[in-house]
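A quick write-up on the structure given underneath.
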Amino acid sequence: METTNDKPFLTYEQQIDKLIDKGLTITDRNAAINLLKKHSYFALISGYKNPFKTKHGTYKPHTSLDDIYSLYIFDDTLRTIILRNILKVEKHIKSLISYSFCKIYGEDQQHYLDATKYNYSRANQSDINDLIGRLSKIASDPKDYSYIRHQLKQHGNIPLWVMMKALTLGTVSKFYSYLPQSIQANVSIEFDYVTENELVRMLDLLARVRNVCAHNERLYNYRYNKGAINDTYIHQFLNIPKQKVQYSKGKQDLFAVIIVLKYLLGHDEFSQFINDIDLALETLFHSTKQLQRPQMYRYMGFPVRWIEIKDSPLGQDEAVDKPAV
């Protein structure tokens, strides 16, 4: 069956002409072509043009390719900042899970490969079989992991704390969600005001955002389509308005990721994290006048007072116990 391609191949010169026809200002065609060669039309233009376009499909007056590139660079910086901090949580969580699991069951790999060690009220048999299959594949064929090969050769056994290093955050998130409630609680207790059920959702969100960052996908207007994080004291503290019964921001958007990291990072780590994001935003607003602060906050799900999350309490008790500064 013959198909019609509604996006035919265009040379770099034709791509530039197309952008100019839609009202985009391009003062240096050679520089513009070099940008398209380096980043591609799809990644740069298709990915970041929307905030600069009118409802009629043309670009807003005085919008240039540099404006789009500024947003592209901001998003790249944002991915770097968020991935760096998710990795800190990932290392912490892997350490806590392996310690809590091995404290109960010991270090023999047969235990985390045993389906009876998991909680079937939180997963079905096929989910648990799939997880064990992933773990077994790494244990039986660790050609990509020299440290696992060494452990297997020297000791004939791969303790969970060694296996954890080879697991993606997505797999670790599933592993945690299938664990018995008692082990989950021993992990979640390390984080103030976070229950085991809340940590399940938080880790799932971070795993998905980690993949976005790792694959260089657009992040600034991220939406968590699987659900929403639980209401937190931070939503209340920042006076985030509600739409019907749900908070309008910080539930399924990028600010939800910021809230999760508030609960899972150390205080100093989180303060630096917020400073880094604030600096990236200021750099963006300095580099383009075509994006206004309220507009970007709306895309990112950031409330007006978002910066106050840096020093906000995590819970009501903390807010009462700690004197105002």
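Within each chain, counting starts at residue 1; across the structure tokens, chains are named A, B, ... in the order shown, with ligands numbered 1 upward in that order.
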
Find the residues near Ile20 in chain A: any atom within 10 Å, counting only C-alpha atoms, skip ones fewer than 4 places away on the same chain, and give them as a ChimeraX atom specification.
-> /A:14-16,24-26,58-59,64-65

Which polymer residues have any atom within 8 Å of an atom of Leu78 in chain A, counting only C-alpha atoms, with same-chain residues fewer than 4 positions away left out, as a ChimeraX atom specification?
-> /A:74,82,219-220,277,280

Which residues come within 12 Å of Leu35 in chain A, counting only C-alpha atoms, excluding same-chain residues fewer than 2 positions away, as a PyMOL selection string?
-> chain A and resi 12+15-16+26+28-33+37-45+65-66+68-69+72-73

Identify, on the basis of only C-alpha atoms, every residue whose closest approach to range 252-260 of chain A does not exceed 8 Å; exclude the query and any residue fewer than 6 positions from it along the same chain; express the result as a list of chain:residue names.
-> A:Met202, A:Leu205, A:Leu206, A:Leu219, A:Tyr220, A:Asn221, A:Tyr222, A:Arg223, A:Tyr224, A:Asn225, A:Gly227, A:Ala228, A:Ile229, A:Ile234, A:Met300, A:Gly301, A:Phe302, A:Ile309

Please produce a file of those selected residues containing N, CA and C atoms, as a PDB file, in the first residue's frame.
ATOM      1  N   MET A 202       7.261   7.498  44.361  1.00  0.00           N
ATOM      2  CA  MET A 202       8.374   8.425  44.149  1.00  0.00           C
ATOM      3  C   MET A 202       9.469   7.792  43.293  1.00  0.00           C
ATOM      4  N   LEU A 205       8.406   7.511  39.634  1.00  0.00           N
ATOM      5  CA  LEU A 205       8.523   8.809  38.964  1.00  0.00           C
ATOM      6  C   LEU A 205       9.976   9.119  38.628  1.00  0.00           C
ATOM      7  N   LEU A 206      10.875   8.962  39.589  1.00  0.00           N
ATOM      8  CA  LEU A 206      12.286   9.274  39.346  1.00  0.00           C
ATOM      9  C   LEU A 206      12.882   8.367  38.275  1.00  0.00           C
ATOM     10  N   LEU A 219      12.418  17.812  28.689  1.00  0.00           N
ATOM     11  CA  LEU A 219      12.151  17.642  30.118  1.00  0.00           C
ATOM     12  C   LEU A 219      11.341  18.773  30.741  1.00  0.00           C
ATOM     13  N   TYR A 220      11.532  20.011  30.294  1.00  0.00           N
ATOM     14  CA  TYR A 220      11.005  21.157  31.047  1.00  0.00           C
ATOM     15  C   TYR A 220       9.494  21.106  31.235  1.00  0.00           C
ATOM     16  N   ASN A 221       8.760  20.494  30.301  1.00  0.00           N
ATOM     17  CA  ASN A 221       7.301  20.393  30.431  1.00  0.00           C
ATOM     18  C   ASN A 221       6.862  18.939  30.654  1.00  0.00           C
ATOM     19  N   TYR A 222       7.686  18.182  31.346  1.00  0.00           N
ATOM     20  CA  TYR A 222       7.442  16.756  31.598  1.00  0.00           C
ATOM     21  C   TYR A 222       6.094  16.529  32.281  1.00  0.00           C
ATOM     22  N   ARG A 223       5.413  15.453  31.859  1.00  0.00           N
ATOM     23  CA  ARG A 223       4.173  15.026  32.514  1.00  0.00           C
ATOM     24  C   ARG A 223       4.306  13.557  32.914  1.00  0.00           C
ATOM     25  N   TYR A 224       3.936  13.271  34.149  1.00  0.00           N
ATOM     26  CA  TYR A 224       3.961  11.909  34.692  1.00  0.00           C
ATOM     27  C   TYR A 224       2.600  11.291  34.416  1.00  0.00           C
ATOM     28  N   ASN A 225       2.516  10.470  33.381  1.00  0.00           N
ATOM     29  CA  ASN A 225       1.229   9.986  32.908  1.00  0.00           C
ATOM     30  C   ASN A 225       0.716   8.762  33.660  1.00  0.00           C
ATOM     31  N   GLY A 227       0.263   8.487  36.877  1.00  0.00           N
ATOM     32  CA  GLY A 227      -0.563   8.859  38.023  1.00  0.00           C
ATOM     33  C   GLY A 227      -0.110  10.188  38.576  1.00  0.00           C
ATOM     34  N   ALA A 228      -0.088  10.281  39.891  1.00  0.00           N
ATOM     35  CA  ALA A 228       0.341  11.518  40.552  1.00  0.00           C
ATOM     36  C   ALA A 228       0.970  11.162  41.886  1.00  0.00           C
ATOM     37  N   ILE A 229       1.914  11.983  42.324  1.00  0.00           N
ATOM     38  CA  ILE A 229       2.464  11.753  43.650  1.00  0.00           C
ATOM     39  C   ILE A 229       1.422  12.145  44.690  1.00  0.00           C
ATOM     40  N   ILE A 234       4.362  20.215  51.497  1.00  0.00           N
ATOM     41  CA  ILE A 234       4.928  21.267  50.658  1.00  0.00           C
ATOM     42  C   ILE A 234       3.858  21.903  49.781  1.00  0.00           C
ATOM     43  N   MET A 300       6.470  24.299  33.387  1.00  0.00           N
ATOM     44  CA  MET A 300       7.206  23.423  34.294  1.00  0.00           C
ATOM     45  C   MET A 300       6.376  22.973  35.490  1.00  0.00           C
ATOM     46  N   GLY A 301       5.201  23.584  35.665  1.00  0.00           N
ATOM     47  CA  GLY A 301       4.371  23.265  36.826  1.00  0.00           C
ATOM     48  C   GLY A 301       4.879  23.918  38.089  1.00  0.00           C
ATOM     49  N   PHE A 302       5.683  24.966  37.962  1.00  0.00           N
ATOM     50  CA  PHE A 302       6.260  25.640  39.124  1.00  0.00           C
ATOM     51  C   PHE A 302       5.287  26.690  39.667  1.00  0.00           C
ATOM     52  N   ILE A 309      10.683  26.357  48.338  1.00  0.00           N
ATOM     53  CA  ILE A 309      10.771  24.938  48.687  1.00  0.00           C
ATOM     54  C   ILE A 309      12.137  24.612  49.290  1.00  0.00           C
TER      55      ILE A 309
END

Which is closer to Leu265 in chain A than all the others in A:Asn34, A:Asn85, A:Gln316, A:Thr11, using only C-alpha atoms?
->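 Nearest candidate to Leu265 in chain A out of A:Asn34, A:Asn85, A:Gln316, A:Thr11: A:Asn85.
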
Find the distance between CA of Val212 in chain A and CA of Val89 in chain A and write it in Å to one decimal.
->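 Interatomic distance, CA of Val212 in chain A to CA of Val89 in chain A: 16.3 Å.
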
May I have all residues of range 118-323 of chain A that DSSP, computed from the backbone, assigns to strand (DSSP E or B), given as a PyMOL selection string?
-> chain A and resi 242-243+246-247

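Near range 156-169 of chain A, within 6 Å and counting only C-alpha atoms, sit A:Ser98, A:Glu107, A:Asp108, A:Gln109, A:Ala207; same-chain residues fewer than 6 positions away were not included.
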
Would you save the residues of that selection, restricted to C-alpha atoms, as a PDB file, in the first residue's frame?
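Saved result, selection_8.pdb, follows:
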ATOM      1  CA  SER A  98      20.354  -4.263  49.641  1.00  0.00           C
ATOM      2  CA  GLU A 107      23.807 -12.542  51.285  1.00  0.00           C
ATOM      3  CA  ASP A 108      23.151 -15.676  49.225  1.00  0.00           C
ATOM      4  CA  GLN A 109      21.838 -14.808  45.765  1.00  0.00           C
ATOM      5  CA  ALA A 207      12.983   6.189  37.232  1.00  0.00           C
TER       6      ALA A 207
END

Residues flagged alpha helix (DSSP H) by DSSP in range 62-273 of chain A, as a ChimeraX atom specification | /A:65-105,109-112,125-140,146-155,160-163,169-178,181-188,196-214,233-237,254-264,267-273

With only C-alpha atoms as the atoms that count, which of A:Ser140, A:Ser248, A:Thr171, A:Asn239 lies nearest to Asp127 in chain A?
->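 For Asp127 in chain A, the nearest of the candidates is A:Thr171.
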
Choose the residue, out of A:Val194, A:Lys103, A:Gln151, A:Gln184, that has the smallest atom-to-atom separation from Tyr118 in chain A; count only C-alpha atoms.
-> A:Gln184

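Each of A:His215, A:Arg149, A:Arg122, A:Lys7 was checked against Ser177 in chain A using only C-alpha atoms; the smallest atom-to-atom distance is that of A:Arg122.
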